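Below is the file data-v5.cif, which contains mmCIF, C-alpha atoms and all ligand atoms.
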data_final
loop_
_atom_site.label_atom_id
_atom_site.label_comp_id
_atom_site.auth_asym_id
_atom_site.auth_seq_id
_atom_site.Cartn_x
_atom_site.Cartn_y
_atom_site.Cartn_z
CA MET A 1 29.33 165.65 59.09
CA ARG A 2 30.90 167.50 56.20
CA PHE A 3 29.72 165.22 53.51
CA LYS A 4 26.83 163.45 55.03
CA ALA A 5 25.81 160.28 53.39
CA ILE A 6 22.69 160.50 51.36
CA LEU A 7 19.94 159.48 53.67
CA PHE A 8 17.14 157.20 52.89
CA LEU A 9 13.88 159.00 52.86
CA ILE A 10 12.61 158.62 56.35
CA ILE A 11 9.03 159.24 57.04
CA LEU A 12 8.18 159.07 60.66
CA LEU A 13 4.75 159.27 62.06
CA GLY A 14 3.91 160.83 65.36
CA LEU A 15 0.77 159.01 66.25
CA PHE A 16 -0.49 161.42 68.82
CA GLU A 17 -4.12 162.21 68.94
CA ASN A 18 -4.31 165.12 71.26
CA GLY A 19 -6.17 168.38 71.02
CA ASN A 20 -8.38 167.56 68.07
CA VAL A 21 -10.73 170.31 67.04
CA VAL A 22 -14.30 169.10 67.31
CA SER A 23 -16.93 171.53 66.12
CA ALA A 24 -20.40 171.88 67.60
CA ALA A 25 -21.88 169.94 64.69
CA GLY A 26 -19.94 166.84 65.71
CA GLU A 27 -17.35 167.23 63.01
CA THR A 28 -13.60 167.03 63.36
CA GLU A 29 -11.64 169.53 61.38
CA ARG A 30 -8.77 168.06 59.42
CA ILE A 31 -6.05 169.32 57.14
CA LYS A 32 -4.03 167.91 54.26
CA PHE A 33 -0.66 169.25 53.26
CA ASN A 34 0.43 168.24 49.79
CA LEU A 35 4.19 168.59 49.58
CA THR A 36 5.65 168.55 46.09
CA VAL A 37 9.32 168.81 45.33
CA ILE A 38 9.75 170.50 41.99
CA SER A 39 12.70 171.26 39.76
CA GLU A 40 11.70 174.56 38.18
CA SER A 41 12.70 176.06 34.84
CA PRO A 42 12.94 175.71 32.01
CA LEU A 43 10.08 173.23 32.49
CA PRO A 44 8.79 172.33 35.93
CA GLU A 45 9.49 168.71 36.77
CA MET A 46 8.01 167.02 39.82
CA LEU A 47 10.64 165.07 41.72
CA SER A 48 8.48 163.74 44.52
CA LYS A 49 5.17 164.16 46.24
CA THR A 50 4.02 163.44 49.79
CA THR A 51 0.72 164.05 51.52
CA ILE A 52 0.36 164.65 55.24
CA ASP A 53 -3.21 164.21 56.37
CA GLY A 54 -4.07 164.89 59.98
CA PRO A 55 -6.28 166.74 62.44
CA ALA A 56 -6.17 170.55 62.33
CA GLY A 57 -3.02 171.60 64.15
CA THR A 58 -0.78 168.94 62.60
CA ASP A 59 2.88 169.96 62.54
CA PHE A 60 5.60 168.74 60.24
CA ASP A 61 9.31 168.98 59.46
CA VAL A 62 10.99 168.98 56.09
CA ASP A 63 14.70 168.26 56.25
CA LEU A 64 17.04 168.29 53.33
CA ASN A 65 20.44 166.74 53.56
CA THR A 66 22.67 166.77 50.54
CA GLU A 67 26.33 167.08 49.85
CA GLY A 68 27.61 170.19 51.57
CA PHE A 69 24.18 171.45 52.54
CA ASP A 70 21.73 170.78 55.39
CA MET A 71 18.32 172.29 55.88
CA LYS A 72 15.98 171.79 58.80
CA SER A 73 12.56 173.35 58.57
CA ARG A 74 9.83 173.07 61.18
CA PHE A 75 6.24 173.96 60.42
CA VAL A 76 3.83 174.49 63.30
CA THR A 77 0.36 174.90 61.85
CA ASP A 78 -2.95 175.87 63.44
CA ILE A 79 -6.18 177.76 62.95
CA ASN A 80 -6.39 181.26 64.44
CA ALA A 81 -9.35 183.07 66.02
CA ASN A 82 -10.44 184.32 62.58
CA ASP A 83 -10.63 180.74 61.33
CA GLU A 84 -7.56 181.26 59.16
CA LEU A 85 -4.77 178.76 58.73
CA PHE A 86 -1.43 179.99 59.97
CA VAL A 87 1.94 178.39 59.57
CA ARG A 88 4.83 179.25 61.84
CA VAL A 89 8.08 178.40 60.10
CA ASN A 90 11.51 177.94 61.56
CA LEU A 91 14.10 177.43 58.88
CA GLU A 92 17.75 176.62 59.48
CA THR A 93 20.31 176.02 56.79
CA ARG A 94 23.95 175.15 56.97
CA ARG A 95 26.19 175.14 53.94
CA TYR A 96 29.68 173.85 53.69
CA PHE A 97 31.59 176.97 52.78
CA GLY A 98 35.08 175.76 52.19
CA GLU A 99 38.08 174.49 53.95
CA SER A 100 40.94 176.38 55.49
CA PRO A 101 44.41 175.45 54.24
CA ASN A 102 44.97 173.44 57.41
CA GLY A 103 41.95 171.34 56.60
CA LEU A 104 39.33 172.83 58.88
CA PRO A 105 35.79 172.95 57.55
CA LEU A 106 33.93 176.25 57.38
CA PHE A 107 30.15 176.52 57.36
CA GLU A 108 27.79 179.36 56.72
CA GLU A 109 24.56 179.27 58.67
CA ASP A 110 21.25 181.00 58.26
CA THR A 111 18.13 181.00 60.44
CA GLN A 112 14.75 182.42 59.53
CA ASN A 113 11.51 182.57 61.50
CA ASP A 114 8.23 183.66 60.06
CA THR A 115 4.51 183.20 60.55
CA LEU A 116 2.40 183.09 57.41
CA VAL A 117 -1.38 183.33 57.34
CA VAL A 118 -2.25 181.14 54.37
CA GLY A 119 -5.48 181.86 52.51
CA LEU A 120 -7.60 179.21 50.80
CA ASN A 121 -6.14 180.18 47.43
CA GLU A 122 -2.53 180.29 48.59
CA VAL A 123 0.42 177.92 48.85
CA VAL A 124 3.63 178.03 50.88
CA VAL A 125 6.82 177.94 48.86
CA LEU A 126 10.20 176.93 50.20
CA LEU A 127 13.31 177.41 48.10
CA PRO A 128 16.09 175.60 50.00
CA PHE A 129 18.85 177.06 47.80
CA GLY A 130 17.13 180.34 47.00
CA ARG A 131 16.27 181.35 43.47
CA ASN A 132 18.82 180.15 41.02
CA GLY A 133 19.26 182.87 38.41
CA GLY A 134 19.51 181.19 35.02
CA GLY A 135 19.69 177.61 36.24
CA LYS A 136 17.22 175.23 37.79
CA THR A 137 15.60 176.17 41.08
CA LEU A 138 14.58 173.56 43.63
CA LYS A 139 11.15 174.34 44.95
CA ILE A 140 9.17 172.65 47.72
CA GLN A 141 5.55 173.63 47.41
CA ILE A 142 3.16 173.08 50.31
CA THR A 143 -0.52 173.16 49.41
CA PRO A 144 -2.93 173.04 52.35
CA GLU A 145 -6.45 171.70 52.08
CA ARG A 146 -8.89 172.02 54.99
CA TYR A 147 -11.84 169.65 55.38
CA SER A 148 -14.07 168.09 58.02
CA VAL A 149 -15.18 164.56 58.85
CA ALA A 150 -17.74 163.20 61.28
CA ALA A 151 -16.15 163.23 64.71
CA ASP A 152 -17.27 159.68 65.48
CA ARG A 153 -15.36 158.22 62.55
CA PRO A 154 -12.64 155.97 63.93
CA ASP A 155 -9.96 157.73 61.89
CA ALA A 156 -11.22 161.26 62.58
CA GLY A 157 -8.23 162.07 64.75
CA GLN A 158 -5.63 159.99 62.95
CA LEU A 159 -2.47 161.28 61.39
CA LYS A 160 -1.52 159.76 58.04
CA ILE A 161 1.37 160.31 55.72
CA ASP A 162 1.74 158.58 52.39
CA PHE A 163 4.90 157.56 50.67
CA PRO A 164 6.10 159.66 47.80
CA GLU A 165 5.09 158.60 44.33
CA ARG A 166 8.67 158.94 43.29
CA LEU A 167 11.59 158.67 45.60
CA SER A 168 13.89 161.22 44.03
CA SER A 169 17.11 160.60 45.87
CA GLY A 170 16.25 160.06 49.49
CA GLU A 171 17.78 163.35 50.55
CA ILE A 172 14.54 164.78 51.86
CA ALA A 173 13.02 163.58 55.11
CA ILE A 174 9.50 164.48 56.16
CA ARG A 175 8.05 163.94 59.62
CA ALA A 176 4.63 164.86 60.93
CA ARG A 177 3.21 165.03 64.45
CA LYS A 178 0.16 166.14 66.33
CA VAL A 179 0.79 167.64 69.75
CA PRO A 180 -1.20 170.15 71.81
CA HIS A 181 -0.38 173.76 70.86
CA ARG A 182 -2.34 175.72 73.42
CA TYR A 183 -1.62 175.62 77.11
CA GLN A 184 -2.92 177.12 80.27
CA ILE A 185 -0.14 178.41 82.48
CA GLU A 186 -0.57 178.83 86.18
CA SER A 187 2.17 180.43 88.20
CA LYS A 188 2.51 181.04 91.92
CA ILE A 189 5.04 182.23 94.44
CA LEU A 190 5.01 180.41 97.75
CA PHE A 191 6.45 181.55 101.06
CA GLU A 192 6.99 178.78 103.57
CA GLY A 193 4.63 176.64 101.55
CA LYS A 194 1.83 179.20 101.50
CA GLU A 195 0.70 180.93 98.32
CA ILE A 196 1.51 184.64 98.39
CA ALA A 197 1.22 185.52 94.68
CA ARG A 198 -0.47 184.00 91.67
CA GLY A 199 -1.35 184.56 88.04
CA ASN A 200 -2.76 182.70 85.04
CA GLY A 201 -2.15 182.94 81.32
CA PHE A 202 -2.49 181.14 78.00
CA GLY A 203 0.44 180.13 75.87
CA PHE A 204 1.08 178.79 72.39
CA ILE A 205 3.79 176.19 71.96
CA GLU A 206 7.34 177.59 71.71
CA GLU A 207 6.20 181.13 72.48
CA PHE A 208 6.74 183.03 75.71
CA THR A 209 3.71 184.18 77.67
CA LYS A 210 3.86 186.88 80.32
CA VAL A 211 1.89 186.07 83.45
CA PRO A 212 1.68 188.95 85.95
CA LEU A 213 1.63 187.61 89.50
CA ARG A 214 -0.73 189.33 91.89
CA LEU A 215 0.57 189.58 95.45
CA SER A 216 -1.86 188.57 98.15
CA GLU A 217 -2.47 190.31 101.49
CA SER A 218 -0.40 187.69 103.24
CA ALA A 219 2.78 188.47 101.26
CA PRO A 220 5.68 189.05 103.67
CA GLU A 221 6.96 192.58 104.32
CA SER A 222 10.20 191.94 102.37
CA ILE A 223 8.48 191.73 99.00
CA ARG A 224 5.39 193.85 99.54
CA GLY A 225 4.96 196.51 96.87
CA ARG A 226 7.16 194.65 94.40
CA GLU A 227 5.86 193.44 91.05
CA PHE A 228 6.61 190.04 89.59
CA ILE A 229 5.91 188.82 86.09
CA ALA A 230 6.38 185.16 85.21
CA ASN A 231 7.55 184.50 81.66
CA VAL A 232 6.83 180.94 80.55
CA ALA A 233 7.19 179.03 77.27
CA VAL A 234 6.26 175.43 76.58
CA GLU A 235 9.21 174.41 74.44
CA GLY A 236 8.14 170.88 73.73
CA PHE A 237 5.60 168.17 74.37
CA THR A 238 6.26 164.45 74.63
CA THR A 239 3.67 161.72 74.84
CA ASN A 240 4.61 159.54 77.76
CA ARG A 241 3.18 157.18 80.37
CA PRO A 242 1.86 157.52 82.99
CA MET A 243 1.70 161.18 82.01
CA ASP A 244 2.67 163.38 79.11
CA LEU A 245 5.70 165.60 79.56
CA VAL A 246 6.30 169.25 78.76
CA SER A 247 9.63 171.00 78.65
CA ILE A 248 9.38 174.59 79.77
CA SER A 249 11.52 177.69 79.87
CA PHE A 250 10.61 180.06 82.64
CA GLY A 251 11.69 183.28 84.26
CA ILE A 252 10.53 186.04 86.55
CA THR A 253 11.09 189.70 85.83
CA ASP A 254 10.11 192.84 87.68
CA ALA A 255 7.77 195.40 86.13
CA SER A 256 10.64 196.99 84.18
CA GLY A 257 11.52 193.64 82.59
CA THR A 258 14.69 193.12 84.62
CA LYS A 259 15.32 189.44 85.09
CA ILE A 260 15.12 188.11 88.62
CA VAL A 261 15.46 184.42 87.82
CA GLY A 262 15.35 182.09 84.81
CA GLY A 263 15.66 178.41 84.02
CA LYS A 264 14.45 175.36 82.15
CA GLY A 265 12.79 172.17 83.22
CA ILE A 266 10.80 169.12 82.20
CA ASN A 267 7.66 168.22 84.05
CA GLY A 268 4.53 166.14 83.82
CA LEU A 269 1.64 167.89 82.10
CA GLY A 270 -0.64 169.14 84.87
CA ARG A 271 2.00 168.61 87.55
CA GLU A 272 3.41 171.41 89.67
CA PHE A 273 6.95 172.38 88.84
CA ARG A 274 8.80 173.93 91.79
CA TYR A 275 11.86 176.11 91.79
CA GLY A 276 13.55 177.54 94.88
CA LEU A 277 13.91 181.34 95.07
CA GLU A 278 16.09 181.48 98.19
CA GLU A 279 18.85 183.36 96.43
CA GLU A 280 16.57 185.75 94.62
CA LEU A 281 13.89 186.58 97.22
CA GLY A 282 15.10 184.99 100.43
CA LYS A 283 14.71 181.84 102.46
CA GLY A 284 11.35 180.12 102.19
CA PHE A 285 10.37 181.49 98.74
CA GLU A 286 9.48 179.14 95.89
CA LEU A 287 8.20 179.52 92.35
CA VAL A 288 5.52 177.10 91.18
CA ILE A 289 4.52 176.61 87.54
CA ARG A 290 1.79 174.30 86.34
CA VAL A 291 1.08 173.74 82.66
CA THR A 292 -2.11 172.10 81.47
CA GLU A 293 -3.49 171.60 78.01
CA LYS A 294 -6.03 174.22 77.03
CA LYS A 295 -8.98 172.41 75.47
CA GLN A 296 -10.76 174.39 72.83
CA MET B 1 45.38 149.69 55.64
CA ASN B 2 45.62 150.08 51.85
CA CYS B 3 42.20 150.05 50.25
CA GLU B 4 42.34 149.02 46.61
CA LEU B 5 39.40 151.28 45.79
CA THR B 6 41.10 154.51 46.85
CA GLU B 7 42.65 155.01 43.42
CA LYS B 8 39.16 155.22 41.91
CA VAL B 9 38.07 158.02 44.21
CA SER B 10 39.54 160.70 41.96
CA ALA B 11 37.44 159.43 39.05
CA LEU B 12 34.42 159.41 41.32
CA VAL B 13 35.00 163.03 42.34
CA ASP B 14 35.37 163.98 38.68
CA GLY B 15 32.13 162.22 37.79
CA GLU B 16 33.93 159.93 35.37
CA LEU B 17 32.49 156.63 36.59
CA PRO B 18 29.39 154.92 35.18
CA GLU B 19 26.34 155.54 37.32
CA ALA B 20 26.12 152.07 38.86
CA GLU B 21 29.80 152.02 39.78
CA SER B 22 29.58 155.57 41.09
CA ARG B 23 26.71 154.58 43.35
CA GLU B 24 28.57 151.55 44.65
CA LEU B 25 31.74 153.48 45.31
CA THR B 26 29.87 156.36 46.98
CA LYS B 27 28.41 153.84 49.38
CA HIS B 28 31.82 152.38 50.05
CA VAL B 29 33.42 155.79 50.63
CA GLN B 30 30.94 156.49 53.37
CA SER B 31 32.18 153.54 55.38
CA CYS B 32 35.86 153.53 54.41
CA GLU B 33 37.98 156.03 56.28
CA GLU B 34 40.82 155.95 53.77
CA CYS B 35 38.62 156.54 50.74
CA SER B 36 36.63 159.16 52.58
CA ARG B 37 39.81 161.09 53.37
CA ALA B 38 41.00 160.73 49.79
CA ARG B 39 37.72 162.07 48.52
CA GLU B 40 37.87 165.10 50.76
CA ASP B 41 41.41 165.82 49.68
CA PHE B 42 40.36 165.72 46.03
CA LEU B 43 37.38 167.94 46.71
CA PHE B 44 39.58 170.40 48.56
CA MET B 45 42.09 170.49 45.73
CA ARG B 46 39.35 171.11 43.21
CA ARG B 47 37.96 173.97 45.23
CA GLN B 48 41.40 175.52 45.56
CA ILE B 49 41.87 175.41 41.81
CA LYS B 50 38.37 176.55 40.90
CA GLY B 51 38.43 179.22 43.57
CA LEU B 52 41.01 181.08 41.59
CA ALA B 53 38.70 181.44 38.60
CA VAL B 54 36.61 184.58 38.32
CA ASP B 55 32.92 183.90 37.89
CA GLU B 56 31.67 186.85 35.87
CA GLN B 57 28.02 185.85 35.93
CA THR B 58 27.72 185.92 39.68
CA ALA B 59 26.26 189.16 40.92
CA THR B 60 26.97 188.56 44.60
CA PRO B 61 30.45 189.43 45.71
CA LEU B 62 31.78 186.86 48.11
CA ARG B 63 32.72 189.51 50.65
CA THR B 64 29.09 190.50 51.17
CA ASN B 65 28.08 186.92 51.79
CA PHE B 66 30.94 186.44 54.07
CA LEU B 67 30.14 189.38 56.30
CA ARG B 68 26.43 188.85 56.38
CA ARG B 69 26.46 185.25 57.42
CA ARG B 70 27.48 183.61 60.61
CA ILE B 71 30.21 181.05 60.44
CA ALA B 72 29.82 178.22 62.87
CA ILE B 73 33.16 177.04 64.09
CA PRO B 74 34.90 177.24 67.47
CA VAL B 75 36.43 180.63 68.26
CA PRO B 76 40.17 179.82 68.15
CA VAL B 77 39.58 177.90 64.95
CA PHE B 78 37.60 180.85 63.66
CA ALA B 79 40.50 183.24 64.22
CA LEU B 80 42.88 180.93 62.38
CA ALA B 81 40.39 180.43 59.60
CA ILE B 82 39.84 184.17 59.16
CA LEU B 83 43.58 184.67 58.80
CA ALA B 84 43.75 181.85 56.32
CA LEU B 85 40.80 183.13 54.29
CA ALA B 86 42.14 186.68 54.36
CA GLY B 87 45.32 185.30 52.82
CA LEU B 88 43.37 183.45 50.16
CA PHE B 89 41.30 186.56 49.32
CA ALA B 90 44.42 188.65 49.01
CA VAL B 91 45.71 186.18 46.44
CA LEU B 92 42.39 186.24 44.58
CA PHE B 93 42.15 190.01 44.42
CA VAL B 94 45.73 190.45 43.36
CA SER B 95 45.34 187.87 40.62
CA MET B 96 42.24 189.57 39.19
CA PRO B 97 42.77 191.89 36.26
CA ASN B 98 40.35 194.64 37.36
CA GLY B 99 40.75 194.67 41.12
CA PRO B 100 38.17 193.96 43.82
CA GLU B 101 35.22 195.59 41.99
CA ASN B 102 34.76 192.40 40.02
CA SER B 103 32.69 189.76 41.74
CA VAL B 104 34.53 186.68 42.87
CA LYS B 105 33.17 183.37 43.95
CA ILE B 106 34.72 180.26 45.34
CA SER B 107 33.24 177.26 43.64
CA ARG B 108 30.30 175.57 45.30
CA PRO B 109 29.85 171.88 46.04
CA ASP B 110 27.45 171.65 43.08
CA GLU B 111 30.45 171.58 40.83
CA THR B 112 31.94 168.63 42.64
CA LYS B 113 28.83 166.53 42.86
CA THR B 114 29.23 162.82 42.47
CA SER B 115 25.78 161.91 41.25
CA SER B 116 23.54 163.80 38.86
CA SER B 117 20.52 162.79 40.92
CA SER B 118 21.82 164.58 44.02
CA LEU B 119 19.86 167.65 45.03
CA ALA B 120 23.21 169.37 45.53
CA ARG B 121 23.07 170.10 41.79
CA PHE B 122 20.61 172.90 42.58
CA ASP B 123 22.94 174.59 45.03
CA ARG B 124 24.51 177.74 43.65
CA GLY B 125 25.06 179.31 47.04
CA GLY B 126 21.75 181.18 47.36
CA LYS B 127 19.99 181.95 50.61
CA ALA B 128 16.92 179.84 51.44
CA GLN B 129 13.58 181.56 50.96
CA ILE B 130 10.14 180.89 52.34
CA TYR B 131 7.02 182.75 51.32
CA LYS B 132 3.44 182.25 50.23
CA GLU B 133 1.98 182.82 46.80
CA VAL B 134 -1.37 182.59 45.07
CA ARG B 135 -2.21 179.09 43.89
CA ARG B 136 -1.77 178.54 40.18
ZN ZN C 1 38.13 152.24 50.63
#
Can you turn what I pasted into C-alpha cells?
Amino acid sequence: MRFKAILFLIILLGLFENGNVVSAAGETERIKFNLTVISESPLPEMLSKTTIDGPAGTDFDVDLNTEGFDMKSRFVTDINANDELFVRVNLETRRYFGESPNGLPLFEEDTQNDTLVVGLNEVVVLLPFGRNGGGKTLKIQITPERYSVAADRPDAGQLKIDFPERLSSGEIAIRARKVPHRYQIESKILFEGKEIARGNGFGFIEEFTKVPLRLSESAPESIRGREFIANVAVEGFTTNRPMDLVSISFGITDASGTKIVGGKGINGLGREFRYGLEEELGKGFELVIRVTEKKQ
Amino acid sequence: MNCELTEKVSALVDGELPEAESRELTKHVQSCEECSRAREDFLFMRRQIKGLAVDEQTATPLRTNFLRRRIAIPVPVFALAILALAGLFAVLFVSMPNGPENSVKISRPDETKTSSSSLARFDRGGKAQIYKEVRR
C-alpha cells in the first residue's frame, strides 16, 4: 500500500440508464463534464483530457494514485429546483507521512465535503496537492456543459466517456455512473403485523431524511403519546436483477433526537425492509422501511 | 532468494538510471519482494538524512500540520510512533541554530521520485483544495 504501483488509467463505465430527466417538450437534458489535468505555472501545460457525457444527474469519481499519495474524490451532480447545476464533492486524501524508526508507515489523512452550485460561466477546480507556492501546481479543472437532445434519440439516455487525448502517466482513474438520486421513503411501525404509525419523506442519495411517524388510533397503550422520527439515508444504489438494490442506513429517534434504534441494510428497491423492535419498544413491534425511486 | 537486480535499486531511488531502464526496474520492483524492501529501505534512509535539513522556504511549521491532521494507524502503533516522532523532533530542534521558531520540514516523497513523469513531482505536502471559479 505504501508505494502503490502506478496504475493504468482505468476508465469504467456505469451503463445505467435510470432517472433520466425528460422535459415536457420531449427533450432529454444531458450534461458534459470536460476534465482537464493541467500542470500550472510558469506556463500551463495540459497533461490529459477526458470528457464524460451523460444524462443530467451523472456522477463521477476522480482518483489519483501516485507514490506516497492517494486521492479519492466523488462527485454527485444534479440539477436543483432553481434549475442550477450543483456538485456535491467528497474528497479524501492520504499522504505517506514518514516512517517510524521501527519501520512503521505513518499517513496523514484529510477529508472534505462540500456542495457547489456551479453557474454557467463557472468551472470546478481541484488541486490534489494544494497550491504549490513557487513550483508547479497540479490542477484538475472540471468544466460542465448542459445541453438537451430529443428524448426519442436512441442515445438520449446513454453515458459516454472518451479516452484521454494524452495518457499522462496512468495515475489518474476516472469513473462515471448514472444512478437514481431522489427517493421516496416510506416508513411504518407495525404492532403484531398491523400498522400503528406511518410517515413519508423524500431523500437525496447519501443524505439523511427525517420522516416523522404519525401514530394511529390503534397504537397500543404502551407507546401512546410518544413521538417517533425515522431517519433514513439511501447510501448506495446497485443495478441488479431481478430488482435493483439499495443500501440504507436507518434509525428512529424521539422528538428530542435521542436515538431509539439504528442500523444498516440492503434491500430490493420498492421492497419492504423489516427490522424487529422487540428490545426497543416491546414484543410484537417492527419497523418497516420501503424505498422507491422518485420519478421527476 | 538473491535477486541480481537489487543492487540497482539504489540507483533507481536516486534517479540515476536511464528512463527506459528505470521504467523496467520500477515494474520489477513492484513484483519482487526483495527489491521492494530494498527500495523502501533506501527511501527511508534518504528521508532520515533529508529530514535533518532545515527548509527555510517552507512557511508551514511541521508541528502545525502534525496536530491538525489525523494520522491513520492502529492505536498501539500510534502511541509508539508518537514517541518515536517526538524523539526525532527533539533531535531536529536541538540541531537547529535558532530554536523551534524556524520552520522545519521532513522531506516529501517528491524528492525521492523515481520517474519525472510521476504526478508525485507536484507533491510538496499541501492540503487538497476544491472550489469553483469563473471560466477564463
Ligand atoms: Zn528483484
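Distances here use all atoms listed in the file; by that measure, the residue among B:Val13, B:Cys35, B:Ala120, B:Leu25 closest to ligand ZN 1 (chain C) is B:Cys35.
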Can you work out which residues are within 7 Å of ligand ZN 1 (chain C), considering only C-alpha atoms and all ligand atoms, and then hand them over as JSON, numbers by chain?
{"B": [3, 4, 5, 6, 28, 29, 32, 33, 34, 35]}
Atom CA of A:Ser218 to atom CA of A:Val288, distance in Å rounded to a single decimal:
17.1 Å
I want to know what sits within 7 Å of stretch 120-133 of chain A, based on only C-alpha atoms, with residues of the same chain fewer than 5 positions away left out; could you give that as a VMD selection string?
(chain A and resid 138 to 144) or (chain B and resid 122 to 135)
Could you work out an axis-aligned bounding box for all listed atoms of stretch 279-295 of chain A, with 6 Å added on each of the six sides, and give its centre and edge lengths in Å to one decimal, as JSON?
{"center_x": 4.9, "center_y": 179.1, "center_z": 89.0, "size_x": 39.8, "size_y": 27.0, "size_z": 39.0}
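Taking atom CA of A:Gly282 and atom CA of A:Asn267 as endpoints, the distance between them is 24.6 Å.
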Of the residues A:Val211, A:Val117, A:Ile266, A:Ile174, which is the one nearest to chain B, using all atoms listed in the file?
A:Val117
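In this structure, atom CA of A:Asp59 sits 27.5 Å away from atom CA of A:Ala230.
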